[in-house]
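Colleague: For reference, the file coords.pdb (PDB, C-alpha atoms, pLDDT in the B column) is included below:
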```pdb
ATOM      1  CA  MET D  13     -15.170  -6.591  13.942  1.00 62.00           C
ATOM      2  CA  LYS D  14     -14.708  -7.859  10.387  1.00 70.00           C
ATOM      3  CA  MET D  15     -12.322  -5.883   8.200  1.00 75.00           C
ATOM      4  CA  VAL D  16     -13.546  -4.716   4.810  1.00 89.00           C
ATOM      5  CA  ALA D  17     -11.042  -4.637   1.934  1.00 90.00           C
ATOM      6  CA  HIS D  18     -11.428  -0.866   1.533  1.00 92.00           C
ATOM      7  CA  ASP D  19     -10.519  -0.381   5.224  1.00 94.00           C
ATOM      8  CA  ILE D  20      -7.227  -2.242   4.738  1.00 95.00           C
ATOM      9  CA  ILE D  21      -6.104  -0.501   1.521  1.00 95.00           C
ATOM     10  CA  ARG D  22      -6.049   3.220   2.380  1.00 95.00           C
ATOM     11  CA  ARG D  23      -4.662   4.819  -0.805  1.00 94.00           C
ATOM     12  CA  PRO D  24      -2.236   4.189  -3.669  1.00 95.00           C
ATOM     13  CA  ILE D  25       1.214   5.752  -3.373  1.00 94.00           C
ATOM     14  CA  ILE D  26       2.140   7.412  -6.657  1.00 93.00           C
ATOM     15  CA  THR D  27       5.760   8.553  -6.803  1.00 94.00           C
ATOM     16  CA  GLU D  28       8.469   8.321  -9.457  1.00 95.00           C
ATOM     17  CA  GLN D  29       9.942   5.247  -7.811  1.00 95.00           C
ATOM     18  CA  SER D  30       6.584   3.469  -7.444  1.00 93.00           C
ATOM     19  CA  MET D  31       5.661   4.250 -11.063  1.00 92.00           C
ATOM     20  CA  ASP D  32       8.953   2.725 -12.261  1.00 94.00           C
ATOM     21  CA  GLN D  33       7.981  -0.512 -10.484  1.00 94.00           C
ATOM     22  CA  VAL D  34       4.648  -0.745 -12.348  1.00 92.00           C
ATOM     23  CA  ALA D  35       6.520  -2.221 -15.340  1.00 91.00           C
ATOM     24  CA  ASP D  36       7.465  -5.177 -13.080  1.00 93.00           C
ATOM     25  CA  LYS D  37       3.812  -5.493 -11.926  1.00 93.00           C
ATOM     26  CA  LYS D  38       4.641  -4.054  -8.493  1.00 95.00           C
ATOM     27  CA  TYR D  39       2.102  -1.659  -6.990  1.00 96.00           C
ATOM     28  CA  THR D  40       2.495   0.433  -3.818  1.00 96.00           C
ATOM     29  CA  PHE D  41      -0.262   1.223  -1.305  1.00 97.00           C
ATOM     30  CA  GLU D  42      -0.622   2.822   2.093  1.00 97.00           C
ATOM     31  CA  VAL D  43      -2.338   0.200   4.243  1.00 97.00           C
ATOM     32  CA  LEU D  44      -3.890  -0.142   7.683  1.00 95.00           C
ATOM     33  CA  LYS D  45      -1.123  -0.256  10.302  1.00 96.00           C
ATOM     34  CA  SER D  46      -2.501  -3.426  11.927  1.00 95.00           C
ATOM     35  CA  ALA D  47      -3.031  -5.337   8.638  1.00 94.00           C
ATOM     36  CA  ASN D  48      -0.835  -8.369   7.941  1.00 95.00           C
ATOM     37  CA  LYS D  49       0.414  -9.622   4.548  1.00 96.00           C
ATOM     38  CA  ILE D  50      -2.379 -12.188   4.151  1.00 96.00           C
ATOM     39  CA  GLU D  51      -5.089  -9.564   4.766  1.00 95.00           C
ATOM     40  CA  ILE D  52      -3.401  -7.136   2.345  1.00 96.00           C
ATOM     41  CA  LYS D  53      -3.180  -9.831  -0.352  1.00 96.00           C
ATOM     42  CA  LYS D  54      -6.883 -10.729   0.008  1.00 96.00           C
ATOM     43  CA  ALA D  55      -7.920  -7.059  -0.015  1.00 96.00           C
ATOM     44  CA  VAL D  56      -5.977  -6.231  -3.218  1.00 95.00           C
ATOM     45  CA  GLU D  57      -7.315  -9.362  -4.951  1.00 95.00           C
ATOM     46  CA  GLU D  58     -10.889  -8.483  -3.923  1.00 94.00           C
ATOM     47  CA  ILE D  59     -10.785  -4.788  -4.870  1.00 93.00           C
ATOM     48  CA  PHE D  60      -8.857  -4.974  -8.165  1.00 93.00           C
ATOM     49  CA  LYS D  61      -9.739  -8.573  -9.279  1.00 94.00           C
ATOM     50  CA  VAL D  62      -6.066  -9.536  -9.774  1.00 94.00           C
ATOM     51  CA  LYS D  63      -3.785 -12.370  -8.578  1.00 95.00           C
ATOM     52  CA  VAL D  64      -1.118 -11.419  -6.024  1.00 96.00           C
ATOM     53  CA  GLU D  65       2.183 -13.308  -5.960  1.00 96.00           C
ATOM     54  CA  LYS D  66       3.980 -11.540  -3.094  1.00 96.00           C
ATOM     55  CA  VAL D  67       3.438  -8.768  -0.530  1.00 97.00           C
ATOM     56  CA  THR D  68       6.256  -6.760   1.073  1.00 97.00           C
ATOM     57  CA  THR D  69       5.457  -4.420   3.962  1.00 98.00           C
ATOM     58  CA  ILE D  70       7.382  -1.499   5.458  1.00 97.00           C
ATOM     59  CA  ASN D  71       6.522   0.238   8.742  1.00 97.00           C
ATOM     60  CA  TYR D  72       7.262   3.966   8.948  1.00 96.00           C
ATOM     61  CA  ILE D  73       7.697   5.793  12.250  1.00 97.00           C
ATOM     62  CA  GLY D  74       6.403   9.384  12.194  1.00 95.00           C
ATOM     63  CA  LYS D  75       9.024  12.120  12.370  1.00 95.00           C
ATOM     64  CA  PRO D  76       8.995  14.637  15.200  1.00 95.00           C
ATOM     65  CA  LYS D  77       7.942  18.082  13.912  1.00 95.00           C
ATOM     66  CA  ARG D  78       7.532  21.494  15.436  1.00 94.00           C
ATOM     67  CA  MET D  79       5.993  24.780  14.429  1.00 93.00           C
ATOM     68  CA  GLY D  80       7.459  27.503  16.615  1.00 93.00           C
ATOM     69  CA  VAL D  81       6.876  26.495  20.236  1.00 94.00           C
ATOM     70  CA  HIS D  82       4.355  23.750  19.366  1.00 95.00           C
ATOM     71  CA  GLN D  83       5.800  20.273  19.117  1.00 95.00           C
ATOM     72  CA  GLY D  84       4.210  17.227  17.581  1.00 95.00           C
ATOM     73  CA  LYS D  85       4.818  14.098  15.573  1.00 96.00           C
ATOM     74  CA  ARG D  86       3.705  12.866  12.174  1.00 95.00           C
ATOM     75  CA  ALA D  87       1.534   9.765  12.241  1.00 95.00           C
ATOM     76  CA  ASP D  88       3.072   6.289  12.013  1.00 97.00           C
ATOM     77  CA  TRP D  89       2.007   4.443   8.837  1.00 97.00           C
ATOM     78  CA  LYS D  90       2.539   1.253   6.869  1.00 98.00           C
ATOM     79  CA  LYS D  91       3.359   0.771   3.188  1.00 97.00           C
ATOM     80  CA  ALA D  92       2.796  -2.392   1.159  1.00 97.00           C
ATOM     81  CA  VAL D  93       4.418  -3.269  -2.174  1.00 97.00           C
ATOM     82  CA  VAL D  94       2.257  -5.854  -3.948  1.00 97.00           C
ATOM     83  CA  LYS D  95       3.728  -7.980  -6.771  1.00 96.00           C
ATOM     84  CA  LEU D  96       1.210  -9.519  -9.164  1.00 95.00           C
ATOM     85  CA  THR D  97       1.582 -12.884 -10.887  1.00 95.00           C
ATOM     86  CA  PRO D  98       2.851 -12.763 -14.506  1.00 93.00           C
ATOM     87  CA  ASP D  99      -0.535 -13.943 -15.877  1.00 93.00           C
ATOM     88  CA  SER D 100      -2.543 -11.400 -13.833  1.00 90.00           C
ATOM     89  CA  LYS D 101      -4.069  -8.300 -15.420  1.00 89.00           C
ATOM     90  CA  THR D 102      -2.714  -4.863 -14.474  1.00 88.00           C
ATOM     91  CA  ILE D 103      -4.320  -2.361 -12.101  1.00 87.00           C
ATOM     92  CA  GLU D 104      -5.787   0.450 -14.239  1.00 82.00           C
ATOM     93  CA  LEU D 105      -5.513   2.957 -11.386  1.00 78.00           C
ATOM     94  CA  PHE D 106      -1.754   3.216 -12.009  1.00 73.00           C
ATOM     95  CA  GLU D 107      -1.935   3.489 -15.814  1.00 69.00           C
ATOM     96  CA  ALA D 108      -1.260   7.002 -17.065  1.00 60.00           C
TER      97      ALA D 108
END
```
Mind converting the file's structure to structure tokens?

Modeller:
Amino acid sequence: MKMVAHDIIRRPIITEQSMDQVADKKYTFEVLKSANKIEIKKAVEEIFKVKVEKVTTINYIGKPKRMGVHQGKRADWKKAVVKLTPDSKTIELFEA
């Protein structure tokens, strides 16, 4: 099955820390857990029409949670920090 760019990039992560990195042309996304750096780079370039210099990924393991007697676990997920080239345009989604 061929992956579509919108399947790989799930959502932007907008926090204080990620917004501080926008000045350095670094953008943070939640991505598909099975996606590798090359797929993430191609997906961001295709969706936002920008040039990507570097991709850093972080895997998060879901925390165990419980509500009374019911026990469960948050989902595992993957985060990608994408650094754009200096001559690339910015991603308007993150502009406030």

Colleague: For each of D:Arg22, D:Arg86, D:Lys101, D:Lys95, take the minimum atom-to-atom distance to Lys53 in chain D, counting only C-alpha atoms, then give the residue where this is smallest.

Modeller: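 Going through D:Arg22, D:Arg86, D:Lys101, D:Lys95 one by one, the smallest distance to Lys53 in chain D is for D:Lys95.
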
Colleague: Given 8 Å on each side, where is the centre and what are the edge lengths in Å to one decimal of the axis-aligned box enclosing the listed atoms of range 17-25 of chain D, as lines of an AutoDock Vina configuration file?

Modeller:
```
center_x = -5.1
center_y = 0.6
center_z = 0.8
size_x = 28.6
size_y = 26.4
size_z = 24.9
```

Colleague: Quick one: residues within 8 Å of Thr68 in chain D, only C-alpha atoms, excluding same-chain residues fewer than 5 positions away - as a list in words?

Modeller: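 Final neighbour list, sorted by chain and number: Lys49, Ala92, Val93 and Val94 of chain D.
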
Colleague: Given the file shown, determine the residues that the PyMOL selection byres ((chain D and resi 89) around 9) selects; report them as a PyMOL selection string.

Modeller: chain D and resi 42-45+70-74+87-88+90-91

Colleague: Produce a file of the selected residues containing C-alpha atoms, as a JSON list (two decimals), in the coordinates of the input.

Modeller:
```json
[["chain", "number", "residue", "atom", "x", "y", "z"],
["D", 42, "GLU", "CA", -0.62, 2.82, 2.09],
["D", 43, "VAL", "CA", -2.34, 0.20, 4.24],
["D", 44, "LEU", "CA", -3.89, -0.14, 7.68],
["D", 45, "LYS", "CA", -1.12, -0.26, 10.30],
["D", 70, "ILE", "CA", 7.38, -1.50, 5.46],
["D", 71, "ASN", "CA", 6.52, 0.24, 8.74],
["D", 72, "TYR", "CA", 7.26, 3.97, 8.95],
["D", 73, "ILE", "CA", 7.70, 5.79, 12.25],
["D", 74, "GLY", "CA", 6.40, 9.38, 12.19],
["D", 87, "ALA", "CA", 1.53, 9.76, 12.24],
["D", 88, "ASP", "CA", 3.07, 6.29, 12.01],
["D", 90, "LYS", "CA", 2.54, 1.25, 6.87],
["D", 91, "LYS", "CA", 3.36, 0.77, 3.19]]
```

Colleague: In Å, rounded to a single decimal, give me how far CA of Val67 in chain D is from CA of Ile21 in chain D.

Modeller: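 Separation of CA of Ile21 in chain D and CA of Val67 in chain D: 12.8 Å.
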
Colleague: With a distance cut-off of 12 Å and only C-alpha atoms, select the neighbouring residues of Met15 in chain D, excluding the residue or stretch itself and same-chain residues fewer than 3 positions from it, and output the selection as a ChimeraX atom specification.

Modeller: /D:18-21,44,46-48,51-52,54-55

Colleague: Write out, as a PDB file, keeping the file's coordinate frame, the residues just selected, with C-alpha atoms.

Modeller:
```pdb
ATOM      1  CA  HIS D  18     -11.428  -0.866   1.533  1.00 92.00           C
ATOM      2  CA  ASP D  19     -10.519  -0.381   5.224  1.00 94.00           C
ATOM      3  CA  ILE D  20      -7.227  -2.242   4.738  1.00 95.00           C
ATOM      4  CA  ILE D  21      -6.104  -0.501   1.521  1.00 95.00           C
ATOM      5  CA  LEU D  44      -3.890  -0.142   7.683  1.00 95.00           C
ATOM      6  CA  SER D  46      -2.501  -3.426  11.927  1.00 95.00           C
ATOM      7  CA  ALA D  47      -3.031  -5.337   8.638  1.00 94.00           C
ATOM      8  CA  ASN D  48      -0.835  -8.369   7.941  1.00 95.00           C
ATOM      9  CA  GLU D  51      -5.089  -9.564   4.766  1.00 95.00           C
ATOM     10  CA  ILE D  52      -3.401  -7.136   2.345  1.00 96.00           C
ATOM     11  CA  LYS D  54      -6.883 -10.729   0.008  1.00 96.00           C
ATOM     12  CA  ALA D  55      -7.920  -7.059  -0.015  1.00 96.00           C
TER      13      ALA D  55
END
```
